[in-house]
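A.B. asks: Got a structure for you, questions after.
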Protein chains: 2
Amino acid sequence: MALNATLAAPSKSRLAYDFIKARIEDSRYSPGYRLVLGAIAGELGVSVVPVREAIRLLEAEGLVQFERNVGAQVAMADPREYEVTMQTLSLVEGWATAASAPFMTADDVARARATNDQLAESLHHFDPVAFTRLNLDFHSVLFEHCPNPHILDLVDRGWARLRALRESTFSFVPGRAKESVAEHAHILDLIEGSADPVELEFAARNHRLATLDAFLAHERARLHHSDQPTQESA
Amino acid sequence: MALNATLAAPSKSRLAYDFIKARIEDSRYSPGYRLVLGAIAGELGVSVVPVREAIRLLEAEGLVQFERNVGAQVAMADPREYEVTMQTLSLVEGWATAASAPFMTADDVARARATNDQLAESLHHFDPVAFTRLNLDFHSVLFEHCPNPHILDLVDRGWARLRALRESTFSFVPGRAKESVAEHAHILDLIEGSADPVELEFAARNHRLATLDAFLAHERARLHHSDQPTQESA
DNA sequence: GTGTACGAAATAATATACGATCTCATCACA
DNA sequence: TGTGATGAGATCGTATATTATTTCGTACAC
């Protein structure tokens with residue numbers, strides 16, 4: 001009987017799933033990288049069957065693209081994909097935040113404020129990775145009490161997808177981070193004031209959409225100024 | 001070269017996926033039904049590998065529950081699951097409807113009205129299956145122009161899940177169907193009047209939540225009146 | 001020189017086989 | 001009568017092997 005959960009070895013397919021997903025999220029496998037069944041299987045010391053299963057699951061989550069008889073590759077990171085992902089996340093995250101609010105404790109709010117202070121602090125020294133982590137910490141507190149597990153799962157998937165898309169490539173627009181911190185504070189004020197749920201939902205939704213809009217405006221400006229397709233990455 | 005798409009045989013895993021999903025949705029495999037790999041593989045004339053893959057994908061969609069070394073079964077249909085599914089669907093469907101509206105043609109609206117008339121007609125002779133089909137036809141027109149493919153996919157999954165949950169078991173509450181038809185008409189009026197997108201989103205969202213609320217109220221009343229746990233199924 | 005046909009190498013898709021794990025009935029013993 | 005051990009059967013998990021498909025290099029024809 002497998003009561004002793006600490007000893008239960010993960011299945012090979014789970015192993016492969018975690019292995020590949022982690023590499024996609026931290027960009028060791030970057031968009032377009034080709035996922036060859038045999039190679040990954042060899043690296044992991046398992047057969048191709050569980051690796052294939054893992055890849056098909058990641059395909060269902062949108063992290064990889066799969067073509068029959070050809071193979072899989074890490075999903076491409078084009079602006080349109082970023083836009084669609086951000087829209088979807090704005091929708092589910094907004095709801096999750098509003099639905100979580102009634103269950104938040106004073107301590108939760110205090111933790112979120114502390115994290116937001118750290119975010120404000122981090123504005124002085126440019127560090128996309130740290131900012132992204134703190135940002136997730138902040139939002140995690142906001143939706144961790146979400147009573148709808150399906151929607152919470154969609155929020156998780158959205159964040160995973162953003163990481164896979166190399167969020168920092170897209171979302172670091174000059175000046176946006178500062179606005180973001182201010183919007184966080186506003187959301188916390190609404191929560192503390194037990195604001196109307198719809199108002200809170202739209203504050204959270206628009207917070208994310210504002211980041212998207214900043215990117216789109218920045219992109220348009222960039223394309224307008226210099227028509228040469230040089231892609232300066234941060 | 002596989003240019004001739006008409007001749008391209010579906011993969012075995014796709015075959016198994018469609019086979020199982022169809023059976024879940026039309027209740028030949030009802031909630032709790034045990035999905036035995038070998039049995040399904042034998043029935044389909046394929047090996048267990050693609051069947052297993054199909055089942056894991058269906059698990060990711062929430063249509064089946066899977067337990068390691070034990071097996072899979074069609075997801076159970078309890079009221080809580082219905083509630084969560086309806087909430088999620090209300091969210092994504094509301095957005096999809098509002099986002100589709102600007103792209104709807106006069107013909108689209110006319111088609112939707114005609115379908116709603118048929119729905120009104122069908123109220124006279126009780127036929128859950130026909131009602132459900134017409135209802136999907138109606139809503140399909142409303143969100144078919146949704147510009148966000150992720151959200152459209154979530155809407156599809158929500159509907160699939162409702163079918164799997166034997167929607168009719170839950171959602172047929174006396175009098176609700178008639179209200180539903182009236183709400184449909186209201187939504188069409190908003191679309192024709194180019195109403196505020198947020199107003200439209202909430203009209204569509206609340207339309208679904210009203211169905212959920214009717215069920216929950218009906219359920220409470222039922223539990224209150226007769227405490228005996230007899231489950232009278234239609 | 002350009003395009004097409006062919007074939008070898010790489011890779012995916014799936015069948016088969018076997019070992020691992022769970023379930024459940026049975027039985028021993030308190 | 002109840003509780004725990006035991007083993008057979010069922011089923012899952014995955015390695016291995018085979019087949020099918022694609023890709024790409026090379027040679028040949030025009």
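Here, A, B, ... name the chains of the structure tokens in the order displayed, residue numbers run from 1 inside each chain, and ligands are numbered from 1 in the same displayed order.
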Please determine the contact residues of chain A with respect to chain C at a cut-off of 9 Å, counting only C-alpha atoms (C1' of nucleotides), and supply them as a PyMOL selection string.

C.D. replies: chain A and resi 1+36-38+68-71

A.B. asks: Output N, CA, C and O atoms for every residue in that selection, as a PDB file, in the first residue's frame.

C.D. replies:
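The resulting part.pdb:
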ATOM      1  N   MET A   1       0.842  -1.211   0.000  1.00  0.00           N
ATOM      2  CA  MET A   1       0.000   0.000   0.000  1.00  0.00           C
ATOM      3  C   MET A   1       0.875   1.258   0.000  1.00  0.00           C
ATOM      4  O   MET A   1       1.844   1.360   0.743  1.00  0.00           O
ATOM      5  N   VAL A  36      12.987  16.220 -29.694  1.00  0.00           N
ATOM      6  CA  VAL A  36      13.138  14.922 -30.340  1.00  0.00           C
ATOM      7  C   VAL A  36      12.930  13.822 -29.302  1.00  0.00           C
ATOM      8  O   VAL A  36      13.645  13.776 -28.292  1.00  0.00           O
ATOM      9  N   LEU A  37      11.951  12.979 -29.550  1.00  0.00           N
ATOM     10  CA  LEU A  37      11.577  11.966 -28.566  1.00  0.00           C
ATOM     11  C   LEU A  37      12.787  11.163 -28.076  1.00  0.00           C
ATOM     12  O   LEU A  37      13.039  11.061 -26.886  1.00  0.00           O
ATOM     13  N   GLY A  38      13.490  10.581 -29.027  1.00  0.00           N
ATOM     14  CA  GLY A  38      14.596   9.704 -28.671  1.00  0.00           C
ATOM     15  C   GLY A  38      15.673  10.407 -27.862  1.00  0.00           C
ATOM     16  O   GLY A  38      16.213   9.845 -26.908  1.00  0.00           O
ATOM     17  N   ARG A  68       1.935  15.972 -36.717  1.00  0.00           N
ATOM     18  CA  ARG A  68       1.922  14.541 -36.924  1.00  0.00           C
ATOM     19  C   ARG A  68       3.070  14.063 -37.802  1.00  0.00           C
ATOM     20  O   ARG A  68       3.325  14.650 -38.848  1.00  0.00           O
ATOM     21  N   ASN A  69       3.714  13.030 -37.388  1.00  0.00           N
ATOM     22  CA  ASN A  69       4.799  12.405 -38.152  1.00  0.00           C
ATOM     23  C   ASN A  69       5.994  13.315 -38.360  1.00  0.00           C
ATOM     24  O   ASN A  69       6.907  12.958 -39.094  1.00  0.00           O
ATOM     25  N   VAL A  70       5.968  14.459 -37.748  1.00  0.00           N
ATOM     26  CA  VAL A  70       7.085  15.383 -37.898  1.00  0.00           C
ATOM     27  C   VAL A  70       7.765  15.603 -36.559  1.00  0.00           C
ATOM     28  O   VAL A  70       8.983  15.478 -36.451  1.00  0.00           O
ATOM     29  N   GLY A  71       6.973  15.921 -35.564  1.00  0.00           N
ATOM     30  CA  GLY A  71       7.569  16.111 -34.257  1.00  0.00           C
ATOM     31  C   GLY A  71       7.048  17.330 -33.541  1.00  0.00           C
ATOM     32  O   GLY A  71       6.111  17.976 -33.997  1.00  0.00           O
TER      33      GLY A  71
END

A.B. asks: Taking the backbone alone, and naming residues the way the document does, which bits of range 120-222 of chain A are helix (DSSP H, G or I) by DSSP, as a ChimeraX atom specification?

C.D. replies: /A:120-122,128-143,149-164,167-171,176-192,197-222

A.B. asks: Cα-based RMSD, chain A fitted onto chain B, all atoms paired in sequence order: value?

C.D. replies: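 Pairing the C-alpha atoms in order and fitting gives 0.2 Å.
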
A.B. asks: Once you count only C-alpha atoms, which residues of chain A turn out to be within 10 Å of chain B? Could you give them as a compact mmCIF listing (two decimals) with N, CA and C atoms, in the first residue's frame?

C.D. replies:
# COMPACT_ATOMS: atom_id res chain seq x y z
N PRO A 10 7.90 8.99 -8.75
CA PRO A 10 7.02 9.54 -9.77
C PRO A 10 7.03 8.64 -11.00
N SER A 11 5.97 8.65 -11.73
CA SER A 11 5.93 7.85 -12.95
C SER A 11 6.90 8.44 -13.97
N VAL A 49 8.03 6.14 -24.96
CA VAL A 49 6.58 6.15 -24.72
C VAL A 49 6.17 7.21 -23.70
N PRO A 50 6.74 7.22 -22.51
CA PRO A 50 6.35 8.29 -21.57
C PRO A 50 6.74 9.68 -22.04
N ARG A 52 6.70 10.76 -25.12
CA ARG A 52 5.66 11.16 -26.07
C ARG A 52 4.40 11.61 -25.34
N GLU A 53 4.02 10.85 -24.32
CA GLU A 53 2.84 11.21 -23.55
C GLU A 53 3.00 12.60 -22.93
N ALA A 54 4.17 12.86 -22.36
CA ALA A 54 4.41 14.16 -21.74
C ALA A 54 4.29 15.27 -22.76
N ARG A 56 2.59 15.31 -25.53
CA ARG A 56 1.21 15.55 -25.96
C ARG A 56 0.43 16.32 -24.90
N LEU A 57 0.74 16.10 -23.64
CA LEU A 57 0.07 16.87 -22.60
C LEU A 57 0.50 18.33 -22.65
N LEU A 58 1.78 18.54 -22.89
CA LEU A 58 2.26 19.91 -22.98
C LEU A 58 1.68 20.60 -24.20
N GLU A 59 1.41 19.82 -25.23
CA GLU A 59 0.76 20.40 -26.41
C GLU A 59 -0.64 20.90 -26.04
N ALA A 60 -1.35 20.08 -25.25
CA ALA A 60 -2.71 20.46 -24.86
C ALA A 60 -2.70 21.74 -24.04
N GLU A 61 -1.59 22.00 -23.35
CA GLU A 61 -1.49 23.22 -22.56
C GLU A 61 -1.00 24.39 -23.39
N GLY A 62 -0.64 24.11 -24.62
CA GLY A 62 -0.19 25.19 -25.48
C GLY A 62 1.28 25.52 -25.37
N ARG A 68 1.94 15.97 -36.72
CA ARG A 68 1.92 14.54 -36.92
C ARG A 68 3.07 14.06 -37.80
N ASN A 69 3.71 13.03 -37.39
CA ASN A 69 4.80 12.41 -38.15
C ASN A 69 5.99 13.32 -38.36
N ARG A 80 1.38 38.04 -31.42
CA ARG A 80 -0.04 37.68 -31.41
C ARG A 80 -0.33 36.66 -30.30
N GLU A 81 0.55 35.70 -30.15
CA GLU A 81 0.38 34.70 -29.11
C GLU A 81 0.44 35.35 -27.73
N GLU A 83 -0.38 38.39 -27.06
CA GLU A 83 -1.61 39.17 -26.89
C GLU A 83 -2.76 38.26 -26.44
N VAL A 84 -2.91 37.15 -27.13
CA VAL A 84 -4.01 36.25 -26.83
C VAL A 84 -3.85 35.66 -25.42
N THR A 85 -2.63 35.31 -25.08
CA THR A 85 -2.39 34.75 -23.75
C THR A 85 -2.69 35.78 -22.66
N GLN A 87 -4.74 38.33 -22.87
CA GLN A 87 -6.19 38.53 -22.81
C GLN A 87 -6.85 37.45 -21.96
N THR A 88 -6.48 36.22 -22.26
CA THR A 88 -7.08 35.10 -21.54
C THR A 88 -6.76 35.18 -20.06
N LEU A 89 -5.50 35.48 -19.78
CA LEU A 89 -5.10 35.56 -18.39
C LEU A 89 -5.81 36.71 -17.68
N LEU A 91 -8.70 37.73 -18.16
CA LEU A 91 -10.08 37.31 -17.88
C LEU A 91 -10.14 36.40 -16.65
N VAL A 92 -9.35 35.35 -16.65
CA VAL A 92 -9.45 34.37 -15.56
C VAL A 92 -8.83 34.90 -14.27
N TRP A 95 -11.24 37.33 -12.55
CA TRP A 95 -12.29 36.63 -11.82
C TRP A 95 -11.74 36.00 -10.55
N PRO A 147 -12.15 29.99 -5.12
CA PRO A 147 -12.93 28.78 -4.81
C PRO A 147 -13.22 27.91 -6.03
N ASN A 148 -12.84 28.35 -7.20
CA ASN A 148 -13.12 27.55 -8.40
C ASN A 148 -11.82 26.95 -8.93
N PRO A 149 -11.62 25.64 -8.72
CA PRO A 149 -10.34 25.03 -9.09
C PRO A 149 -10.08 25.05 -10.59
N HIS A 150 -11.13 25.01 -11.40
CA HIS A 150 -10.90 25.07 -12.85
C HIS A 150 -10.25 26.39 -13.23
N ILE A 151 -10.81 27.45 -12.68
CA ILE A 151 -10.30 28.78 -13.05
C ILE A 151 -8.90 28.98 -12.48
N LEU A 154 -6.61 27.45 -14.80
CA LEU A 154 -6.41 28.27 -16.00
C LEU A 154 -5.44 29.42 -15.72

A.B. asks: Show me a table, sorted first by chain and then by increasing residue number, of the residues of chain D having an atom at most 12 Å from chain A, each with its shortest atom pair and the distance in Å to one decimal, counting only C-alpha atoms (C1' of nucleotides) and written as JSON lines.

C.D. replies:
{"residue": "D:DC12", "atom": "C1'", "partner": "A:Ser11", "partner_atom": "CA", "distance": 11.5}
{"residue": "D:DG13", "atom": "C1'", "partner": "A:Ser11", "partner_atom": "CA", "distance": 8.0}
{"residue": "D:DT14", "atom": "C1'", "partner": "A:Val49", "partner_atom": "CA", "distance": 7.0}
{"residue": "D:DA15", "atom": "C1'", "partner": "A:Ser47", "partner_atom": "CA", "distance": 6.1}
{"residue": "D:DT16", "atom": "C1'", "partner": "A:Ser47", "partner_atom": "CA", "distance": 8.6}
{"residue": "D:DA20", "atom": "C1'", "partner": "A:Asn69", "partner_atom": "CA", "distance": 9.0}
{"residue": "D:DT21", "atom": "C1'", "partner": "A:Asn69", "partner_atom": "CA", "distance": 6.1}
{"residue": "D:DT22", "atom": "C1'", "partner": "A:Val70", "partner_atom": "CA", "distance": 6.7}
{"residue": "D:DT23", "atom": "C1'", "partner": "A:Val70", "partner_atom": "CA", "distance": 9.3}

A.B. asks: From a DSSP pass on the backbone, collect the residues of chain B flagged as strand (DSSP E) and hand them back as a PyMOL selection string.

C.D. replies: chain B and resi 34-35+64-67+71-74

A.B. asks: Print the selection's residues with C-alpha atoms to a file, as a JSON list (two decimals), in the first residue's frame.

C.D. replies:
[["chain", "number", "residue", "atom", "x", "y", "z"],
["B", 34, "ARG", "CA", -14.56, 2.46, -15.85],
["B", 35, "LEU", "CA", -12.27, 2.91, -18.87],
["B", 64, "VAL", "CA", -12.09, 11.57, -17.08],
["B", 65, "GLN", "CA", -10.47, 10.96, -13.74],
["B", 66, "PHE", "CA", -7.29, 9.00, -13.67],
["B", 67, "GLU", "CA", -5.52, 7.26, -10.84],
["B", 71, "GLY", "CA", -7.14, 3.23, -14.04],
["B", 72, "ALA", "CA", -9.48, 5.79, -15.44],
["B", 73, "GLN", "CA", -13.18, 6.43, -15.15],
["B", 74, "VAL", "CA", -15.55, 8.98, -16.59]]

A.B. asks: Could you tell me how far CA of Ala164 in chain B sits from CA of Asp153 in chain A, in Å to one decimal place?

C.D. replies: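 For CA of Asp153 in chain A relative to CA of Ala164 in chain B, the distance reads 19.7 Å.
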
A.B. asks: Just how far from CA of Ala99 in chain B is CA of Ala99 in chain A, in Å to one decimal?

C.D. replies: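 Taking CA of Ala99 in chain A and CA of Ala99 in chain B, their separation equals 22.7 Å.
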
A.B. asks: Can you measure CA of Glu219 in chain B to CA of Pro197 in chain A for me? One decimal in Å is fine.

C.D. replies: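 Between CA of Glu219 in chain B and CA of Pro197 in chain A the gap is 25.7 Å.
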
A.B. asks: Counting only C-alpha atoms (C1' of nucleotides), what is within 10 Å of Leu44 in chain B, bar same-chain residues fewer than 5 positions away, as a list of chain:residue names?

C.D. replies: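 That gives B:Lys12, B:Leu15, B:Ala16, B:Phe19, B:Gly38, B:Ala39, B:Val51.
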
A.B. asks: Can you spit out the residues from that selection as a PDB file, in the first residue's frame, using all heavy atoms?

C.D. replies:
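What ended up in selection_26.pdb:
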ATOM      1  N   LYS B  12      -3.998   6.572 -34.692  1.00  0.00           N
ATOM      2  CA  LYS B  12      -4.689   5.671 -33.782  1.00  0.00           C
ATOM      3  C   LYS B  12      -5.049   6.387 -32.479  1.00  0.00           C
ATOM      4  O   LYS B  12      -6.114   6.153 -31.910  1.00  0.00           O
ATOM      5  CB  LYS B  12      -3.819   4.450 -33.466  1.00  0.00           C
ATOM      6  CG  LYS B  12      -3.357   3.670 -34.686  1.00  0.00           C
ATOM      7  CD  LYS B  12      -4.515   3.123 -35.480  1.00  0.00           C
ATOM      8  CE  LYS B  12      -4.070   2.510 -36.801  1.00  0.00           C
ATOM      9  NZ  LYS B  12      -3.531   1.159 -36.710  1.00  0.00           N
ATOM     10  N   LEU B  15      -8.015   8.464 -33.170  1.00  0.00           N
ATOM     11  CA  LEU B  15      -9.154   7.566 -33.263  1.00  0.00           C
ATOM     12  C   LEU B  15      -9.695   7.244 -31.869  1.00  0.00           C
ATOM     13  O   LEU B  15     -10.895   7.359 -31.595  1.00  0.00           O
ATOM     14  CB  LEU B  15      -8.701   6.279 -33.957  1.00  0.00           C
ATOM     15  CG  LEU B  15      -9.760   5.314 -34.450  1.00  0.00           C
ATOM     16  CD1 LEU B  15     -10.461   5.887 -35.667  1.00  0.00           C
ATOM     17  CD2 LEU B  15      -9.127   3.964 -34.795  1.00  0.00           C
ATOM     18  N   ALA B  16      -8.794   6.856 -30.989  1.00  0.00           N
ATOM     19  CA  ALA B  16      -9.199   6.486 -29.637  1.00  0.00           C
ATOM     20  C   ALA B  16      -9.790   7.694 -28.910  1.00  0.00           C
ATOM     21  O   ALA B  16     -10.813   7.589 -28.219  1.00  0.00           O
ATOM     22  CB  ALA B  16      -7.996   5.934 -28.863  1.00  0.00           C
ATOM     23  N   PHE B  19     -13.232   8.406 -30.255  1.00  0.00           N
ATOM     24  CA  PHE B  19     -14.101   7.295 -29.868  1.00  0.00           C
ATOM     25  C   PHE B  19     -14.581   7.449 -28.426  1.00  0.00           C
ATOM     26  O   PHE B  19     -15.782   7.407 -28.135  1.00  0.00           O
ATOM     27  CB  PHE B  19     -13.310   5.989 -30.033  1.00  0.00           C
ATOM     28  CG  PHE B  19     -14.054   4.747 -29.663  1.00  0.00           C
ATOM     29  CD1 PHE B  19     -14.826   4.074 -30.608  1.00  0.00           C
ATOM     30  CD2 PHE B  19     -13.964   4.217 -28.378  1.00  0.00           C
ATOM     31  CE1 PHE B  19     -15.504   2.902 -30.266  1.00  0.00           C
ATOM     32  CE2 PHE B  19     -14.639   3.057 -28.035  1.00  0.00           C
ATOM     33  CZ  PHE B  19     -15.409   2.403 -28.980  1.00  0.00           C
ATOM     34  N   GLY B  38      -7.174  -2.128 -22.024  1.00  0.00           N
ATOM     35  CA  GLY B  38      -7.186  -3.294 -22.899  1.00  0.00           C
ATOM     36  C   GLY B  38      -8.518  -3.503 -23.586  1.00  0.00           C
ATOM     37  O   GLY B  38      -8.563  -3.863 -24.768  1.00  0.00           O
ATOM     38  N   ALA B  39      -9.585  -3.257 -22.863  1.00  0.00           N
ATOM     39  CA  ALA B  39     -10.916  -3.468 -23.434  1.00  0.00           C
ATOM     40  C   ALA B  39     -11.159  -2.508 -24.595  1.00  0.00           C
ATOM     41  O   ALA B  39     -11.611  -2.907 -25.672  1.00  0.00           O
ATOM     42  CB  ALA B  39     -11.976  -3.288 -22.351  1.00  0.00           C
ATOM     43  N   VAL B  51      -4.449   4.302 -26.818  1.00  0.00           N
ATOM     44  CA  VAL B  51      -5.626   4.442 -25.959  1.00  0.00           C
ATOM     45  C   VAL B  51      -5.248   5.156 -24.674  1.00  0.00           C
ATOM     46  O   VAL B  51      -5.951   6.054 -24.205  1.00  0.00           O
ATOM     47  CB  VAL B  51      -6.248   3.067 -25.643  1.00  0.00           C
ATOM     48  CG1 VAL B  51      -7.366   3.208 -24.636  1.00  0.00           C
ATOM     49  CG2 VAL B  51      -6.756   2.415 -26.916  1.00  0.00           C
TER      50      VAL B  51
END
